[in-house]
Structures are given as C-alpha cells and as structure tokens.
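final-v8.txt (compact mmCIF, C-alpha atoms)
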# COMPACT_ATOMS: atom_id res chain seq x y z
CA MET W 1 0.00 0.00 0.00
CA ASP W 2 1.27 3.43 -0.94
CA SER W 3 2.44 5.53 2.03
CA ILE W 4 0.23 8.46 0.95
CA VAL W 5 -2.83 6.19 1.09
CA LEU W 6 -1.96 5.12 4.62
CA LEU W 7 -1.33 8.73 5.63
CA ILE W 8 -4.69 9.81 4.21
CA ILE W 9 -6.44 7.10 6.23
CA VAL W 10 -4.62 8.08 9.44
CA ILE W 11 -5.32 11.79 8.91
CA ASN W 12 -9.00 11.20 8.22
CA VAL W 13 -9.40 8.84 11.18
CA THR W 14 -7.91 11.59 13.34
CA TYR W 15 -10.10 14.26 11.75
CA MET W 16 -13.37 12.37 12.10
CA THR W 17 -12.54 11.25 15.63
CA LEU W 18 -12.03 14.91 16.58
CA THR W 19 -15.22 15.90 14.73
CA THR W 20 -17.29 13.27 16.51
CA LEU W 21 -15.91 14.25 19.91
CA ARG W 22 -16.42 17.96 19.19
CA LEU W 23 -20.06 17.44 18.24
CA ILE W 24 -20.72 15.42 21.36
CA LEU W 25 -18.98 18.01 23.55
CA VAL W 26 -21.12 20.78 22.06
CA ILE W 27 -24.29 18.78 22.63
CA LYS W 28 -23.27 18.10 26.24
CA GLY W 29 -22.53 21.79 26.85
CA TYR W 30 -18.71 21.73 26.86
CA ARG W 31 -18.48 24.62 24.38
CA VAL W 32 -15.04 25.96 25.33
CA ILE W 33 -13.32 22.59 25.08
CA ALA W 34 -15.17 21.94 21.81
CA SER W 35 -13.96 25.27 20.41
CA PHE W 36 -10.32 24.43 21.09
CA LEU W 37 -10.79 20.94 19.72
CA SER W 38 -12.24 22.41 16.53
CA MET W 39 -9.00 24.26 15.84
CA ALA W 40 -7.05 21.01 15.77
CA GLU W 41 -9.86 19.40 13.81
CA VAL W 42 -9.80 21.95 10.98
CA PHE W 43 -6.01 21.80 10.75
CA VAL W 44 -6.06 18.02 10.34
CA TYR W 45 -8.96 18.29 7.88
CA LEU W 46 -7.14 20.74 5.65
CA MET W 47 -4.01 18.56 5.61
CA GLY W 48 -5.96 15.48 4.55
CA LEU W 49 -8.14 17.25 2.02
CA THR W 50 -5.11 18.91 0.43
CA MET W 51 -3.41 15.54 0.04
CA VAL W 52 -6.45 14.06 -1.68
CA LEU W 53 -7.09 17.05 -3.93
CA ASP W 54 -3.45 17.16 -4.98
CA ASN W 55 -3.69 13.50 -6.02
CA LEU W 56 -7.16 13.17 -7.55
CA ASP W 57 -5.71 11.11 -10.38
CA LYS W 58 -5.42 8.14 -8.01
CA PRO W 59 -8.86 6.76 -7.01
CA LEU W 60 -7.23 4.79 -4.19
CA ASN W 61 -6.61 8.10 -2.38
CA ILE W 62 -10.33 8.90 -2.49
CA ILE W 63 -11.16 5.41 -1.23
CA ALA W 64 -8.60 5.88 1.59
CA TYR W 65 -10.26 9.19 2.47
CA CYS W 66 -13.65 7.47 2.74
CA ILE W 67 -12.26 4.57 4.79
CA GLY W 68 -10.58 7.01 7.18
CA TRP W 69 -13.83 8.94 7.51
CA GLY W 70 -15.82 5.87 8.54
CA LEU W 71 -13.16 4.56 10.92
CA GLY W 72 -12.90 8.01 12.52
CA VAL W 73 -16.63 8.18 13.26
CA TYR W 74 -16.45 4.71 14.79
CA LEU W 75 -13.38 5.52 16.91
CA GLY W 76 -14.88 8.84 18.06
CA SER W 77 -18.04 7.11 19.25
CA ILE W 78 -16.00 4.51 21.16
CA ILE W 79 -13.98 7.26 22.88
CA GLU W 80 -17.14 9.19 23.77
CA ASN W 81 -18.69 6.06 25.22
CA ARG W 82 -15.61 5.52 27.41
CA LEU W 83 -15.61 9.16 28.54
CA ALA W 84 -19.31 8.78 29.49
CA LEU W 85 -19.85 12.49 30.05
CA GLY W 86 -23.00 13.73 31.74
CA TYR W 87 -25.80 12.07 33.61
CA VAL W 88 -28.43 9.43 33.03
CA VAL W 89 -31.93 9.17 34.50
CA PHE W 90 -33.41 5.76 35.22
CA GLU W 91 -37.14 5.27 35.44
CA VAL W 92 -37.60 2.08 37.41
CA ILE W 93 -40.86 0.24 38.10
CA VAL W 94 -40.98 -2.72 40.49
CA ASP W 95 -43.59 -4.54 42.56
CA SER W 96 -44.67 -2.41 45.51
CA ILE W 97 -43.45 -5.09 47.92
CA GLU W 98 -39.93 -4.00 46.96
CA ILE W 99 -40.45 -0.65 48.69
CA GLU W 100 -37.00 -0.88 50.35
CA LEU W 101 -35.32 -0.71 46.93
CA ALA W 102 -35.42 3.12 46.90
CA SER W 103 -33.57 3.40 50.22
CA ARG W 104 -31.06 0.76 49.17
CA ILE W 105 -30.27 2.71 46.00
CA ARG W 106 -30.01 5.95 48.02
CA SER W 107 -27.55 4.26 50.38
CA LYS W 108 -25.28 3.77 47.34
CA GLY W 109 -25.21 7.55 46.88
CA TYR W 110 -27.73 8.00 44.05
CA GLY W 111 -30.52 10.57 43.98
CA VAL W 112 -33.89 8.76 44.07
CA THR W 113 -37.45 10.04 43.94
CA SER W 114 -40.09 7.37 44.48
CA TRP W 115 -43.84 7.04 44.56
CA VAL W 116 -46.49 4.30 44.52
CA ALA W 117 -48.55 3.90 41.34
CA ASP W 118 -51.25 1.60 40.00
CA GLY W 119 -50.12 -0.94 37.40
CA MET W 120 -52.00 -3.64 35.55
CA GLY W 121 -51.06 -6.19 38.20
CA GLY W 122 -51.65 -3.92 41.21
CA LYS W 123 -49.55 -1.43 43.14
CA ARG W 124 -46.08 -0.63 41.82
CA LEU W 125 -43.14 1.33 43.15
CA CYS W 126 -41.95 3.91 40.61
CA MET W 127 -38.59 5.62 40.93
CA LYS W 128 -36.53 8.20 39.12
CA VAL W 129 -32.85 7.73 39.77
CA LEU W 130 -30.13 10.16 38.71
CA ALA W 131 -26.63 8.81 38.11
CA LYS W 132 -23.43 9.81 36.38
CA ARG W 133 -23.37 8.22 32.94
CA LYS W 134 -20.16 6.39 33.76
CA ASN W 135 -22.11 4.55 36.49
CA GLU W 136 -25.05 3.58 34.25
CA GLN W 137 -24.22 -0.11 33.85
CA LYS W 138 -23.16 -0.45 37.48
CA LEU W 139 -26.49 0.99 38.68
CA LYS W 140 -28.51 -1.15 36.27
CA ASN W 141 -26.68 -4.28 37.43
CA TYR W 142 -27.32 -3.34 41.08
CA ILE W 143 -31.05 -2.82 40.49
CA MET W 144 -31.33 -6.06 38.51
CA SER W 145 -29.48 -7.99 41.24
CA ILE W 146 -32.09 -6.90 43.78
CA SER W 147 -35.11 -6.92 41.47
CA PRO W 148 -34.54 -9.08 38.37
CA LYS W 149 -38.02 -8.28 36.97
CA ALA W 150 -37.61 -4.52 37.26
CA PHE W 151 -38.81 -2.47 34.30
CA ILE W 152 -36.09 0.09 33.54
CA ILE W 153 -35.93 2.94 31.05
CA SER W 154 -32.84 5.13 30.93
CA TYR W 155 -32.21 8.39 29.11
CA GLU W 156 -29.87 11.36 29.24
CA PRO W 157 -31.33 14.58 30.61
CA THR W 158 -30.37 17.70 28.68
CA ARG W 159 -30.94 20.16 31.51
CA PHE W 160 -31.80 20.03 35.18
CA ASN W 161 -31.59 22.21 38.25
CA GLY W 162 -32.47 21.93 41.88
CA GLY W 163 -33.04 18.68 43.69
CA PHE W 164 -30.86 16.78 46.04
CA LEU W 165 -27.61 15.43 44.65
CA VAL W 166 -25.08 13.54 46.66
CA LYS W 167 -21.62 12.50 45.50
CA LEU W 168 -22.23 9.46 43.36
CA THR W 169 -20.15 6.45 44.22
CA GLU W 170 -17.58 5.19 41.74
What would the structure in this file look like if it were written as structure tokens?
Amino acid sequence: MDSIVLLIIVINVTYMTLTTLRLILVIKGYRVIASFLSMAEVFVYLMGLTMVLDNLDKPLNIIAYCIGWGLGVYLGSIIENRLALGYVVFEVIVDSIEIELASRIRSKGYGVTSWVADGMGGKRLCMKVLAKRKNEQKLKNYIMSISPKAFIISYEPTRFNGGFLVKLTE
C-alpha cells in the first residue's frame, strides 16, 4: 500500500474522531473545550483534504479518504462512550413489595425520587434515579441484582436544576 494512502487514512481517522468528539462536547454543553478541539480538527482536515485534492488522479486516495472517515466516526463514538460524560436518568418500576429498593439505592449515593402507582397487576413502586453516565451499567446491574423483573428505562437529561444530589459512588 502506498504511504500516501496510509497517511490519508490516518489523517481522516484523526479528523473524524475529533469531529465526533467535538459534536458530542457541544451537545453536552462543553463549548469551550469543543472550540479548542475544533482548531485542531480543521487543521487536520485541511491537511488530509489537500493531500487528496493534490492526487485526484489516483482513485485509491479517495477510497482511503472514505475509509478514514468511517473509521474516525467509529473511533470517536467509542472514545465518547468511554468518557461517558454527563448524567443518566433511570425510570424504574418494580412490585410495591420492593419498597426498600429506593432506600437501598439511596444508600449507594444515588438521587432517588419514588412514589407508589397503579399498574396492571396492582400497586407498583416507581422511581426516578439520577446517576453519572459512567455509572449507568453499574447501577442497572445493582437494580437487577435486587429486582430481576424490574422495568427500567434510561435516558440522558439535557438540563436540570435543583433537587438533592449527593456525590455518586464510583
């Protein structure tokens, strides 16, 4: 493989990784970091694009550009998933006999609001639980270990204020 082809792939992987991270940072409200990241992003982009445009006579360079683009999006999403920025809200519904579940989750350091509701099969305990996104799987596993039949929906809140937040456990 020609060294320019490999370089185009590496440059575009870098560029699209930075682009993906920048977009996610903007969405999550980290505008200053995203702005600085965009400077590196545009520099890398211009280097890669210049290389391809200077060598349009070789279709392999264009293919390398496309491959780098796709790999960069994939790598950026993996990095973002590992960073796990922000928070997640769990909506949890369990049988009302599991009323102690809310206090057990609170004892782990999570913010929990709970109430009793009517379900098809009778009374249910409903909870909203706020957690750092990096703790999402850990919290889900904890809930499922106590209540394997729990109905759980999770989503990322875009904005919130007020409420009682304690330091979430690692």
Any idea what the distance is between atom CA of Glu156 of chain W and atom CA of Ile27 of chain W?
11.4 Å
In Å, how far is it from atom CA of Phe151 of chain W to atom CA of Asn81 of chain W?
23.7 Å
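All protein and nucleic acid residues in the vicinity of (-27.3, 4.3, 42.4), that is within 9 Å when counting all atoms listed in the file, are Arg104, Ile105, Arg106, Ser107, Lys108, Gly109, Tyr110, Gly111, Val112, Val129, Leu130, Ala131, Asn135, Glu136, Lys138, Leu139, Lys140, Tyr142, Ile143, Leu168 and Thr169 of chain W.
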Would you mind listing what lies within 9 Å of segment 47-51 of chain W as a PyMOL selection string, with all atoms listed in the file counted and same-chain residues fewer than 6 positions away left out?
chain W and resi 4+7-12+15+61+65
Give me the residues near Lys132 of chain W as a ChimeraX atom specification, where near means some atom within 8 Å (using all atoms listed in the file) and where sequence neighbours in that chain fewer than 5 positions away do not count.
/W:85-88,168
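Distances from W:Val73, W:Val94, W:Leu18, W:Ile67 to Phe43 of chain W were compared using only C-alpha atoms, and the smallest one belongs to W:Leu18.
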Tell me, as a CSV table (one decimal) with C-alpha atoms, keeping the file's coordinate frame, which residues lie within 8 Å of Thr20 of chain W, counting all atoms listed in the file; anything in the same chain fewer than 5 positions away does not count.
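Done, and the output landed in selection-v6.csv:
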chain,number,residue,atom,x,y,z
W,72,GLY,CA,-12.9,8.0,12.5
W,73,VAL,CA,-16.6,8.2,13.3
W,76,GLY,CA,-14.9,8.8,18.1
W,77,SER,CA,-18.0,7.1,19.2
Residue nearest Ile79 of chain W - candidates W:Tyr155, W:Asn161, W:Leu21, W:Asn141, atoms counted: only C-alpha atoms:
W:Leu21
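Among the candidates W:Ile146, W:Ala102, W:Met16, W:Ile24, the one nearest to Cys66 of chain W when counting all atoms listed in the file is W:Met16.
The closest residue to Glu41 of chain W, picked from W:Lys128, W:Gly68, W:Val13, W:Ala117 and counting all atoms listed in the file, is W:Val13.
Separating atom CA of Glu91 of chain W from atom CA of Lys134 of chain W is a distance of 17.1 Å.
Considering all atoms listed in the file, the residue among W:Met39, W:Arg31, W:Leu71, W:Gln137 positioned nearest to Phe90 of chain W is W:Gln137.
The smallest atom-to-atom distance between Arg124 of chain W and any of W:Ile93, W:Val44, W:Val5, W:Ile152, using only C-alpha atoms, is found for W:Ile93.
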